[in-house]
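These notes are about the structure you will find just below.
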Amino acid sequence: MSAGNLVLLGNAGGVGRAVLEQLRARGVPVRAMVRRDDDRAAELRGLGAEVVLGDLTRPETVAAALESVDRMYFAMPVSPDHLLAATVVAAVAREQGGLEALVSMSQMTVSQMTATSTAESHQQRLHWLAEQVMNWSGLPVVHIRPTSFLDNPLFTVLAARSIRESGTIALPFGTGRTSPVAVEDVARVVATVLGDPVRHIGQVYELTGPRSVSMTEMAEEFSRALGVPVSYVDVPLEQWRTEVLAGVGLPPHTEEHIATMARLHRENRYDRATGDVQSVTGVPARSVESFVAARKRFYLG
């Protein structure tokens with residue numbers, strides 16, 4: 001990727017920030033859209049990004065942010081406005097023309113969905129519809145579909161709390177298997193695609209960890225990484241939602257999405273593993289054990 005190819009990051013939190021760091025390390029110019037000029041915006045400038053104020057649901061600000069841009073990364077936090085934002089971005093980019101690649105952050109559950117399926121969360125349905133809109137737009141789109149993130153609070157903050165209190169990981173996943181993927185691995189895929197998008201246009205990449213494990217097996221990986229016994233405790237879904245999730249104070253849309261993710265885990269819908277991280281980047285996805293070992297102080301306090 002030449003230094004002349006300007007990349008717009010529609011979201012620079014989590015995956016987007018890691019993509020920013022990787023692109024800037026290669027000398028690639030990056031423009032990051034933020035909704036407020038606050039400390040986070042200052043931090044992005046410190047990482048070498050051009051920062052612009054905007055809102056993905058407002059066409060005029062998206063149009064301004066896309067000026068002179070060659071490649072764009074589209075992502076949003078969990079939001080009921082996801083489909084609106086995706087539609088605005090697709091419409092503006094199509095009208096302005098000139099975009100070489102639109103890398104869209106989706107979810108792997110979309111791979112299991114149909115036009116009429118109803119078991120998924122409203123957020124997952126919005127991702128499915130957003131993919132349809134972007135495909136219909138005729139833009140040079142690449143869809144990135146990660147499974148659940150290793151960096152998710154379910155596997156970090158909540159796990160650390162219960163490990164310190166009782167040496168357990170307490171989640172309502174039953175005997176379902178899962179293969180969470182690290183944010184850093186997803187960011188490597190996105191940065192690689194943005195770096196040389198031609199061969200990736202029209203592709204869908206399903207990103208997981210290196211293998212699918214039961215929660216008992218995941219607890220064993222935590223044990224090896226931390227050097228202390230960790231076991232899995234299955235919690236009834238409604239009890240967990242009432243006693244744990246409801247106390248976090250999330251917006252209803254987000255709470256419903258997380259509760260549905262937990263239910264789908266319990267129904268074994270997250271038993272999936274692909275080699276797409278390695279096939280795109282040449283480097284295998286990080287294991288649970290490796291991820292946890294690198295954060296030993298965080299988990300043990």
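Just so we're on the same page: first chain in the structure tokens is A, next is B, and so on; residues restart at 1 for each chain, and ligands are numbered from 1 in the order they show up.
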**Report entry** Near-Leu158 (chain A) list (10 Å; only C-alpha atoms; drop same-chain fewer than 2 positions) as a PyMOL selection string
**Finding:** chain A and resi 152-156+160-163+169-171+244+299
Using C-alpha atoms, can you write the selected residues to a file as a PDB file, in the first residue's frame?
ATOM      1  CA  ASN A 152     -15.295  -9.198  25.384  1.00  0.00           C
ATOM      2  CA  PRO A 153     -16.095  -8.460  29.050  1.00  0.00           C
ATOM      3  CA  LEU A 154     -17.586 -11.967  29.295  1.00  0.00           C
ATOM      4  CA  PHE A 155     -14.080 -13.399  28.964  1.00  0.00           C
ATOM      5  CA  THR A 156     -12.174 -10.527  30.582  1.00  0.00           C
ATOM      6  CA  ALA A 160     -11.371 -11.918  36.159  1.00  0.00           C
ATOM      7  CA  ARG A 161     -13.898 -11.061  38.878  1.00  0.00           C
ATOM      8  CA  SER A 162     -15.109 -14.637  39.339  1.00  0.00           C
ATOM      9  CA  ILE A 163     -11.607 -16.102  39.099  1.00  0.00           C
ATOM     10  CA  ILE A 169     -15.572 -18.775  35.122  1.00  0.00           C
ATOM     11  CA  ALA A 170     -19.334 -18.445  35.636  1.00  0.00           C
ATOM     12  CA  LEU A 171     -21.327 -18.102  32.412  1.00  0.00           C
ATOM     13  CA  VAL A 244     -25.240 -10.217  36.429  1.00  0.00           C
ATOM     14  CA  TYR A 299      -6.868 -11.653  35.741  1.00  0.00           C
TER      15      TYR A 299
END
Query raised in the report: If we count only C-alpha atoms, what is near region 268-279 of chain A at a cut-off of 9 Å, once residues fewer than 4 positions away on the same chain are taken out, given as a ChimeraX atom specification?
Result: /A:108-109,112,147-148,173-180,185-186,188-189,205-214,261,263-264,283-285
Quick check for you: according to DSSP on this backbone, which residues of region 3-122 of chain A are classed as alpha helix (DSSP H)? Reply as a PDB file with N, CA, C and O atoms, in the first residue's frame.
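This is the output file part-v2.pdb:
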ATOM      1  N   VAL A  15     -11.087  -2.611  17.543  1.00  0.00           N
ATOM      2  CA  VAL A  15     -10.437  -3.064  16.318  1.00  0.00           C
ATOM      3  C   VAL A  15      -9.892  -1.871  15.533  1.00  0.00           C
ATOM      4  O   VAL A  15      -8.754  -1.893  15.050  1.00  0.00           O
ATOM      5  N   GLY A  16     -10.703  -0.815  15.390  1.00  0.00           N
ATOM      6  CA  GLY A  16     -10.291   0.342  14.601  1.00  0.00           C
ATOM      7  C   GLY A  16      -9.010   0.985  15.090  1.00  0.00           C
ATOM      8  O   GLY A  16      -8.154   1.373  14.301  1.00  0.00           O
ATOM      9  N   ARG A  17      -8.858   1.096  16.404  1.00  0.00           N
ATOM     10  CA  ARG A  17      -7.636   1.691  16.949  1.00  0.00           C
ATOM     11  C   ARG A  17      -6.425   0.831  16.620  1.00  0.00           C
ATOM     12  O   ARG A  17      -5.362   1.342  16.257  1.00  0.00           O
ATOM     13  N   ALA A  18      -6.585  -0.487  16.738  1.00  0.00           N
ATOM     14  CA  ALA A  18      -5.474  -1.387  16.411  1.00  0.00           C
ATOM     15  C   ALA A  18      -5.129  -1.317  14.925  1.00  0.00           C
ATOM     16  O   ALA A  18      -3.955  -1.378  14.542  1.00  0.00           O
ATOM     17  N   VAL A  19      -6.156  -1.171  14.078  1.00  0.00           N
ATOM     18  CA  VAL A  19      -5.912  -1.000  12.648  1.00  0.00           C
ATOM     19  C   VAL A  19      -5.143   0.296  12.400  1.00  0.00           C
ATOM     20  O   VAL A  19      -4.192   0.331  11.603  1.00  0.00           O
ATOM     21  N   LEU A  20      -5.550   1.355  13.076  1.00  0.00           N
ATOM     22  CA  LEU A  20      -4.859   2.638  12.959  1.00  0.00           C
ATOM     23  C   LEU A  20      -3.374   2.486  13.279  1.00  0.00           C
ATOM     24  O   LEU A  20      -2.503   2.956  12.519  1.00  0.00           O
ATOM     25  N   GLU A  21      -3.060   1.841  14.378  1.00  0.00           N
ATOM     26  CA  GLU A  21      -1.660   1.682  14.782  1.00  0.00           C
ATOM     27  C   GLU A  21      -0.871   0.893  13.740  1.00  0.00           C
ATOM     28  O   GLU A  21       0.274   1.228  13.424  1.00  0.00           O
ATOM     29  N   GLN A  22      -1.488  -0.154  13.196  1.00  0.00           N
ATOM     30  CA  GLN A  22      -0.784  -0.964  12.209  1.00  0.00           C
ATOM     31  C   GLN A  22      -0.560  -0.199  10.904  1.00  0.00           C
ATOM     32  O   GLN A  22       0.516  -0.275  10.297  1.00  0.00           O
ATOM     33  N   LEU A  23      -1.571   0.535  10.458  1.00  0.00           N
ATOM     34  CA  LEU A  23      -1.420   1.301   9.221  1.00  0.00           C
ATOM     35  C   LEU A  23      -0.415   2.428   9.366  1.00  0.00           C
ATOM     36  O   LEU A  23       0.414   2.669   8.472  1.00  0.00           O
ATOM     37  N   ARG A  24      -0.445   3.117  10.496  1.00  0.00           N
ATOM     38  CA  ARG A  24       0.503   4.207  10.696  1.00  0.00           C
ATOM     39  C   ARG A  24       1.945   3.683  10.792  1.00  0.00           C
ATOM     40  O   ARG A  24       2.900   4.345  10.378  1.00  0.00           O
ATOM     41  N   ALA A  25       2.106   2.472  11.339  1.00  0.00           N
ATOM     42  CA  ALA A  25       3.442   1.874  11.407  1.00  0.00           C
ATOM     43  C   ALA A  25       4.004   1.639  10.006  1.00  0.00           C
ATOM     44  O   ALA A  25       5.225   1.583   9.821  1.00  0.00           O
ATOM     45  N   ASP A  39     -10.734  13.761  24.723  1.00  0.00           N
ATOM     46  CA  ASP A  39      -9.432  13.161  25.010  1.00  0.00           C
ATOM     47  C   ASP A  39      -9.128  11.994  24.075  1.00  0.00           C
ATOM     48  O   ASP A  39      -7.972  11.784  23.690  1.00  0.00           O
ATOM     49  N   ARG A  40     -10.163  11.239  23.740  1.00  0.00           N
ATOM     50  CA  ARG A  40      -9.949  10.115  22.822  1.00  0.00           C
ATOM     51  C   ARG A  40      -9.516  10.617  21.454  1.00  0.00           C
ATOM     52  O   ARG A  40      -8.626  10.037  20.814  1.00  0.00           O
ATOM     53  N   ALA A  41     -10.115  11.706  20.997  1.00  0.00           N
ATOM     54  CA  ALA A  41      -9.717  12.285  19.716  1.00  0.00           C
ATOM     55  C   ALA A  41      -8.268  12.748  19.765  1.00  0.00           C
ATOM     56  O   ALA A  41      -7.499  12.542  18.814  1.00  0.00           O
ATOM     57  N   ALA A  42      -7.892  13.350  20.883  1.00  0.00           N
ATOM     58  CA  ALA A  42      -6.500  13.797  21.039  1.00  0.00           C
ATOM     59  C   ALA A  42      -5.544  12.615  21.012  1.00  0.00           C
ATOM     60  O   ALA A  42      -4.441  12.696  20.443  1.00  0.00           O
ATOM     61  N   GLU A  43      -5.967  11.512  21.605  1.00  0.00           N
ATOM     62  CA  GLU A  43      -5.138  10.307  21.607  1.00  0.00           C
ATOM     63  C   GLU A  43      -4.947   9.768  20.189  1.00  0.00           C
ATOM     64  O   GLU A  43      -3.851   9.338  19.816  1.00  0.00           O
ATOM     65  N   LEU A  44      -6.009   9.801  19.387  1.00  0.00           N
ATOM     66  CA  LEU A  44      -5.903   9.345  18.002  1.00  0.00           C
ATOM     67  C   LEU A  44      -4.959  10.234  17.201  1.00  0.00           C
ATOM     68  O   LEU A  44      -4.184   9.750  16.368  1.00  0.00           O
ATOM     69  N   ARG A  45      -5.018  11.541  17.452  1.00  0.00           N
ATOM     70  CA  ARG A  45      -4.065  12.442  16.791  1.00  0.00           C
ATOM     71  C   ARG A  45      -2.636  12.095  17.191  1.00  0.00           C
ATOM     72  O   ARG A  45      -1.719  12.121  16.369  1.00  0.00           O
ATOM     73  N   GLY A  46      -2.481  11.747  18.481  1.00  0.00           N
ATOM     74  CA  GLY A  46      -1.161  11.375  18.958  1.00  0.00           C
ATOM     75  C   GLY A  46      -0.625  10.123  18.286  1.00  0.00           C
ATOM     76  O   GLY A  46       0.601   9.932  18.195  1.00  0.00           O
ATOM     77  N   PRO A  59     -25.485  11.970   6.442  1.00  0.00           N
ATOM     78  CA  PRO A  59     -24.838  11.922   5.122  1.00  0.00           C
ATOM     79  C   PRO A  59     -23.848  13.049   4.874  1.00  0.00           C
ATOM     80  O   PRO A  59     -22.796  12.833   4.262  1.00  0.00           O
ATOM     81  N   GLU A  60     -24.164  14.260   5.337  1.00  0.00           N
ATOM     82  CA  GLU A  60     -23.276  15.388   5.039  1.00  0.00           C
ATOM     83  C   GLU A  60     -21.918  15.235   5.701  1.00  0.00           C
ATOM     84  O   GLU A  60     -20.879  15.609   5.126  1.00  0.00           O
ATOM     85  N   THR A  61     -21.879  14.666   6.904  1.00  0.00           N
ATOM     86  CA  THR A  61     -20.587  14.496   7.574  1.00  0.00           C
ATOM     87  C   THR A  61     -19.823  13.306   6.998  1.00  0.00           C
ATOM     88  O   THR A  61     -18.596  13.316   6.935  1.00  0.00           O
ATOM     89  N   VAL A  62     -20.551  12.273   6.557  1.00  0.00           N
ATOM     90  CA  VAL A  62     -19.892  11.142   5.900  1.00  0.00           C
ATOM     91  C   VAL A  62     -19.285  11.598   4.578  1.00  0.00           C
ATOM     92  O   VAL A  62     -18.142  11.241   4.244  1.00  0.00           O
ATOM     93  N   ALA A  63     -20.016  12.411   3.817  1.00  0.00           N
ATOM     94  CA  ALA A  63     -19.502  12.913   2.544  1.00  0.00           C
ATOM     95  C   ALA A  63     -18.224  13.722   2.742  1.00  0.00           C
ATOM     96  O   ALA A  63     -17.252  13.576   1.990  1.00  0.00           O
ATOM     97  N   ALA A  64     -18.211  14.571   3.759  1.00  0.00           N
ATOM     98  CA  ALA A  64     -17.019  15.372   4.028  1.00  0.00           C
ATOM     99  C   ALA A  64     -15.846  14.489   4.433  1.00  0.00           C
ATOM    100  O   ALA A  64     -14.703  14.702   3.996  1.00  0.00           O
ATOM    101  N   ALA A  65     -16.106  13.484   5.258  1.00  0.00           N
ATOM    102  CA  ALA A  65     -15.038  12.601   5.721  1.00  0.00           C
ATOM    103  C   ALA A  65     -14.461  11.767   4.587  1.00  0.00           C
ATOM    104  O   ALA A  65     -13.282  11.392   4.607  1.00  0.00           O
ATOM    105  N   HIS A  82     -27.276   0.812  13.496  1.00  0.00           N
ATOM    106  CA  HIS A  82     -26.279   0.166  12.629  1.00  0.00           C
ATOM    107  C   HIS A  82     -26.718   0.138  11.164  1.00  0.00           C
ATOM    108  O   HIS A  82     -25.945   0.490  10.269  1.00  0.00           O
ATOM    109  N   LEU A  83     -27.936  -0.282  10.909  1.00  0.00           N
ATOM    110  CA  LEU A  83     -28.407  -0.380   9.526  1.00  0.00           C
ATOM    111  C   LEU A  83     -28.496   0.997   8.883  1.00  0.00           C
ATOM    112  O   LEU A  83     -28.130   1.169   7.716  1.00  0.00           O
ATOM    113  N   LEU A  84     -28.964   1.986   9.629  1.00  0.00           N
ATOM    114  CA  LEU A  84     -29.023   3.351   9.098  1.00  0.00           C
ATOM    115  C   LEU A  84     -27.632   3.823   8.702  1.00  0.00           C
ATOM    116  O   LEU A  84     -27.430   4.363   7.602  1.00  0.00           O
ATOM    117  N   ALA A  85     -26.658   3.620   9.568  1.00  0.00           N
ATOM    118  CA  ALA A  85     -25.296   4.056   9.281  1.00  0.00           C
ATOM    119  C   ALA A  85     -24.738   3.345   8.051  1.00  0.00           C
ATOM    120  O   ALA A  85     -24.105   3.974   7.180  1.00  0.00           O
ATOM    121  N   ALA A  86     -24.943   2.040   7.957  1.00  0.00           N
ATOM    122  CA  ALA A  86     -24.443   1.288   6.810  1.00  0.00           C
ATOM    123  C   ALA A  86     -25.081   1.783   5.514  1.00  0.00           C
ATOM    124  O   ALA A  86     -24.405   1.915   4.478  1.00  0.00           O
ATOM    125  N   THR A  87     -26.366   2.093   5.563  1.00  0.00           N
ATOM    126  CA  THR A  87     -27.064   2.569   4.378  1.00  0.00           C
ATOM    127  C   THR A  87     -26.563   3.951   3.969  1.00  0.00           C
ATOM    128  O   THR A  87     -26.357   4.229   2.774  1.00  0.00           O
ATOM    129  N   VAL A  88     -26.346   4.820   4.946  1.00  0.00           N
ATOM    130  CA  VAL A  88     -25.818   6.158   4.660  1.00  0.00           C
ATOM    131  C   VAL A  88     -24.432   6.054   4.026  1.00  0.00           C
ATOM    132  O   VAL A  88     -24.139   6.701   3.005  1.00  0.00           O
ATOM    133  N   VAL A  89     -23.562   5.256   4.602  1.00  0.00           N
ATOM    134  CA  VAL A  89     -22.197   5.108   4.073  1.00  0.00           C
ATOM    135  C   VAL A  89     -22.236   4.566   2.648  1.00  0.00           C
ATOM    136  O   VAL A  89     -21.547   5.085   1.748  1.00  0.00           O
ATOM    137  N   ALA A  90     -23.034   3.525   2.413  1.00  0.00           N
ATOM    138  CA  ALA A  90     -23.107   2.942   1.075  1.00  0.00           C
ATOM    139  C   ALA A  90     -23.644   3.952   0.060  1.00  0.00           C
ATOM    140  O   ALA A  90     -23.117   4.073  -1.061  1.00  0.00           O
ATOM    141  N   ALA A  91     -24.696   4.683   0.431  1.00  0.00           N
ATOM    142  CA  ALA A  91     -25.302   5.644  -0.495  1.00  0.00           C
ATOM    143  C   ALA A  91     -24.342   6.782  -0.827  1.00  0.00           C
ATOM    144  O   ALA A  91     -24.195   7.174  -1.997  1.00  0.00           O
ATOM    145  N   VAL A  92     -23.685   7.322   0.200  1.00  0.00           N
ATOM    146  CA  VAL A  92     -22.764   8.449  -0.029  1.00  0.00           C
ATOM    147  C   VAL A  92     -21.555   7.994  -0.827  1.00  0.00           C
ATOM    148  O   VAL A  92     -21.118   8.677  -1.769  1.00  0.00           O
ATOM    149  N   ALA A  93     -20.986   6.846  -0.464  1.00  0.00           N
ATOM    150  CA  ALA A  93     -19.812   6.351  -1.176  1.00  0.00           C
ATOM    151  C   ALA A  93     -20.132   6.050  -2.631  1.00  0.00           C
ATOM    152  O   ALA A  93     -19.328   6.320  -3.528  1.00  0.00           O
ATOM    153  N   ARG A  94     -21.303   5.511  -2.882  1.00  0.00           N
ATOM    154  CA  ARG A  94     -21.716   5.213  -4.262  1.00  0.00           C
ATOM    155  C   ARG A  94     -21.888   6.507  -5.049  1.00  0.00           C
ATOM    156  O   ARG A  94     -21.481   6.607  -6.212  1.00  0.00           O
ATOM    157  N   GLU A  95     -22.499   7.514  -4.429  1.00  0.00           N
ATOM    158  CA  GLU A  95     -22.728   8.778  -5.127  1.00  0.00           C
ATOM    159  C   GLU A  95     -21.423   9.501  -5.426  1.00  0.00           C
ATOM    160  O   GLU A  95     -21.246  10.077  -6.509  1.00  0.00           O
ATOM    161  N   GLN A  96     -20.491   9.486  -4.458  1.00  0.00           N
ATOM    162  CA  GLN A  96     -19.224  10.201  -4.657  1.00  0.00           C
ATOM    163  C   GLN A  96     -18.293   9.451  -5.595  1.00  0.00           C
ATOM    164  O   GLN A  96     -17.528  10.067  -6.350  1.00  0.00           O
ATOM    165  N   HIS A 122     -31.552  -8.639  17.676  1.00  0.00           N
ATOM    166  CA  HIS A 122     -31.871  -7.538  16.758  1.00  0.00           C
ATOM    167  C   HIS A 122     -30.591  -6.972  16.153  1.00  0.00           C
ATOM    168  O   HIS A 122     -30.556  -6.632  14.961  1.00  0.00           O
TER     169      HIS A 122
END
Query raised in the report: So which one's closest to Glu184 (chain A), A:Leu150, A:Asp70, A:Val228, A:Pro140? Using only C-alpha atoms, please.
Result: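 Closest to Glu184 (chain A) of all the choices is A:Leu150.
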Query - Close residues, region 6-14 of chain A itself excluded, 6 Å, only C-alpha atoms, min 2 positions apart in chain, as an NGL selection string - result: :A and (16-17 or 29-33 or 69-75)
Query raised in the report: Do you have the CA of Val248 (chain A)-CA of Val78 (chain A) distance handy?
Result: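 Going from CA of Val248 (chain A) over to CA of Val78 (chain A), I get 15.3 Å.
Distance annotation: of A:Ser137, A:Thr118, A:Asn5, A:Thr281, the residue with the minimal separation from Glu100 (chain A) is A:Asn5; atom set is only C-alpha atoms.
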Requested in this report: Report as an MDAnalysis selection string: the residues of region 32-163 of chain A with a DSSP assignment of strand (DSSP E or B), based on the backbone of this structure.
Outcome: chainID A and resid 32:34 50:53 71:74 101:105 141:146 149
Requested in this report: Could you give me, as a list of chain:residue names, the residues within 9 Å of region 257-259 of chain A, counting only C-alpha atoms and dropping anything in the same chain fewer than 2 positions from it?
Outcome: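 Near neighbours after the sequence-gap exclusion: A:Val78, A:Glu120, A:Ser121, A:His122, A:Gln123, A:Gln124, A:Leu237, A:Glu238, A:Arg241, A:Leu245, A:Pro252, A:His253, A:Thr254, A:Glu255, A:Met261, A:Ala262, A:Arg263, A:Leu264.
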With all heavy atoms retained, could you export that selection as a short mmCIF file (atom, residue, chain, number, x, y, z; two decimals), in the first residue's frame?
data_model
loop_
_atom_site.label_atom_id
_atom_site.label_comp_id
_atom_site.auth_asym_id
_atom_site.auth_seq_id
_atom_site.Cartn_x
_atom_site.Cartn_y
_atom_site.Cartn_z
N VAL A 78 -22.20 -1.66 19.16
CA VAL A 78 -23.56 -2.21 19.16
C VAL A 78 -24.55 -1.05 19.24
O VAL A 78 -24.50 -0.25 20.18
CB VAL A 78 -23.76 -3.18 20.35
CG1 VAL A 78 -25.22 -3.65 20.41
CG2 VAL A 78 -22.83 -4.38 20.20
N GLU A 120 -31.96 -14.99 16.24
CA GLU A 120 -30.83 -14.12 16.52
C GLU A 120 -31.26 -12.81 17.17
O GLU A 120 -32.46 -12.49 17.22
CB GLU A 120 -30.05 -13.84 15.23
CG GLU A 120 -29.53 -15.08 14.53
CD GLU A 120 -30.57 -15.80 13.68
OE1 GLU A 120 -31.59 -15.16 13.33
OE2 GLU A 120 -30.36 -16.98 13.37
N SER A 121 -30.28 -12.05 17.64
CA SER A 121 -30.58 -10.77 18.27
C SER A 121 -30.94 -9.72 17.22
O SER A 121 -30.64 -9.88 16.03
CB SER A 121 -29.38 -10.27 19.08
OG SER A 121 -28.35 -9.81 18.21
N HIS A 122 -31.55 -8.64 17.68
CA HIS A 122 -31.87 -7.54 16.76
C HIS A 122 -30.59 -6.97 16.15
O HIS A 122 -30.56 -6.63 14.96
CB HIS A 122 -32.63 -6.44 17.51
CG HIS A 122 -33.07 -5.30 16.65
ND1 HIS A 122 -33.77 -5.48 15.48
CD2 HIS A 122 -32.89 -3.96 16.77
CE1 HIS A 122 -34.02 -4.29 14.93
NE2 HIS A 122 -33.49 -3.36 15.69
N GLN A 123 -29.52 -6.89 16.93
CA GLN A 123 -28.25 -6.39 16.40
C GLN A 123 -27.73 -7.30 15.29
O GLN A 123 -27.25 -6.82 14.25
CB GLN A 123 -27.21 -6.31 17.52
CG GLN A 123 -25.83 -5.84 17.08
CD GLN A 123 -25.80 -4.38 16.64
OE1 GLN A 123 -26.57 -3.56 17.13
NE2 GLN A 123 -24.90 -4.04 15.72
N GLN A 124 -27.80 -8.60 15.49
CA GLN A 124 -27.35 -9.53 14.45
C GLN A 124 -28.20 -9.41 13.19
O GLN A 124 -27.69 -9.50 12.07
CB GLN A 124 -27.35 -10.96 15.00
CG GLN A 124 -26.24 -11.17 16.02
CD GLN A 124 -26.46 -12.36 16.93
OE1 GLN A 124 -27.59 -12.82 17.12
NE2 GLN A 124 -25.37 -12.88 17.51
N LEU A 237 -29.42 -19.38 32.43
CA LEU A 237 -29.41 -18.17 31.63
C LEU A 237 -30.21 -17.03 32.27
O LEU A 237 -29.71 -15.90 32.38
CB LEU A 237 -29.95 -18.46 30.23
CG LEU A 237 -30.03 -17.26 29.26
CD1 LEU A 237 -28.68 -16.60 29.09
CD2 LEU A 237 -30.60 -17.70 27.92
N GLU A 238 -31.43 -17.28 32.69
CA GLU A 238 -32.25 -16.21 33.25
C GLU A 238 -31.67 -15.70 34.56
O GLU A 238 -31.75 -14.50 34.87
CB GLU A 238 -33.69 -16.68 33.42
CG GLU A 238 -34.46 -16.78 32.12
CD GLU A 238 -34.38 -15.50 31.30
OE1 GLU A 238 -34.61 -14.40 31.87
OE2 GLU A 238 -34.12 -15.58 30.10
N ARG A 241 -28.81 -13.48 33.59
CA ARG A 241 -29.28 -12.22 33.02
C ARG A 241 -29.79 -11.29 34.11
O ARG A 241 -29.54 -10.09 34.08
CB ARG A 241 -30.38 -12.49 31.99
CG ARG A 241 -30.86 -11.23 31.30
CD ARG A 241 -31.75 -11.51 30.10
NE ARG A 241 -32.04 -10.28 29.38
CZ ARG A 241 -32.71 -10.23 28.24
NH1 ARG A 241 -33.15 -11.34 27.67
NH2 ARG A 241 -32.93 -9.06 27.63
N LEU A 245 -26.08 -9.57 34.25
CA LEU A 245 -26.20 -8.67 33.09
C LEU A 245 -27.05 -7.44 33.39
O LEU A 245 -26.67 -6.32 33.03
CB LEU A 245 -26.79 -9.45 31.91
CG LEU A 245 -26.80 -8.73 30.56
CD1 LEU A 245 -25.39 -8.31 30.15
CD2 LEU A 245 -27.42 -9.63 29.50
N PRO A 252 -31.09 -1.17 26.62
CA PRO A 252 -31.88 -2.37 26.34
C PRO A 252 -31.44 -3.11 25.08
O PRO A 252 -31.40 -4.35 25.05
CB PRO A 252 -33.30 -1.83 26.22
CG PRO A 252 -33.31 -0.60 27.06
CD PRO A 252 -31.94 0.01 26.90
N HIS A 253 -31.11 -2.38 24.00
CA HIS A 253 -30.69 -3.01 22.75
C HIS A 253 -29.43 -3.84 22.96
O HIS A 253 -29.32 -4.97 22.47
CB HIS A 253 -30.45 -1.92 21.69
CG HIS A 253 -29.90 -2.44 20.39
ND1 HIS A 253 -30.70 -2.97 19.41
CD2 HIS A 253 -28.62 -2.52 19.94
CE1 HIS A 253 -29.95 -3.34 18.39
NE2 HIS A 253 -28.69 -3.09 18.68
N THR A 254 -28.47 -3.28 23.69
CA THR A 254 -27.20 -3.97 23.94
C THR A 254 -27.40 -5.16 24.87
O THR A 254 -26.84 -6.24 24.65
CB THR A 254 -26.18 -3.00 24.55
OG1 THR A 254 -26.05 -1.85 23.70
CG2 THR A 254 -24.83 -3.66 24.73
N GLU A 255 -28.21 -4.98 25.91
CA GLU A 255 -28.46 -6.08 26.84
C GLU A 255 -29.13 -7.25 26.12
O GLU A 255 -28.77 -8.42 26.34
CB GLU A 255 -29.34 -5.60 28.00
CG GLU A 255 -29.61 -6.70 29.03
CD GLU A 255 -30.43 -6.22 30.21
OE1 GLU A 255 -30.21 -5.09 30.68
OE2 GLU A 255 -31.30 -7.01 30.67
N MET A 261 -26.59 -13.61 22.60
CA MET A 261 -25.31 -14.28 22.38
C MET A 261 -25.10 -15.42 23.37
O MET A 261 -24.64 -16.51 23.01
CB MET A 261 -24.16 -13.27 22.51
CG MET A 261 -23.99 -12.33 21.35
SD MET A 261 -22.61 -11.18 21.62
CE MET A 261 -21.24 -12.31 21.81
N ALA A 262 -25.45 -15.18 24.63
CA ALA A 262 -25.31 -16.22 25.65
C ALA A 262 -26.22 -17.41 25.33
O ALA A 262 -25.80 -18.57 25.42
CB ALA A 262 -25.64 -15.65 27.03
N ARG A 263 -27.46 -17.12 24.93
CA ARG A 263 -28.38 -18.20 24.59
C ARG A 263 -27.89 -18.99 23.38
O ARG A 263 -27.95 -20.23 23.37
CB ARG A 263 -29.78 -17.62 24.29
CG ARG A 263 -30.77 -18.68 23.81
CD ARG A 263 -32.16 -18.13 23.64
NE ARG A 263 -32.25 -17.00 22.74
CZ ARG A 263 -32.21 -17.09 21.41
NH1 ARG A 263 -32.07 -18.28 20.82
NH2 ARG A 263 -32.31 -16.00 20.66
N LEU A 264 -27.37 -18.30 22.38
CA LEU A 264 -26.87 -18.99 21.19
C LEU A 264 -25.64 -19.84 21.51
O LEU A 264 -25.44 -20.90 20.92
CB LEU A 264 -26.57 -17.99 20.08
CG LEU A 264 -27.78 -17.25 19.50
CD1 LEU A 264 -27.35 -16.26 18.44
CD2 LEU A 264 -28.82 -18.23 18.96
#
Report task. Find the distance between CA of Ala182 (chain A) and CA of Ala293 (chain A) and write it in Å to one decimal. Result ->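 We find that CA of Ala182 (chain A) and CA of Ala293 (chain A) lie 13.1 Å from each other.
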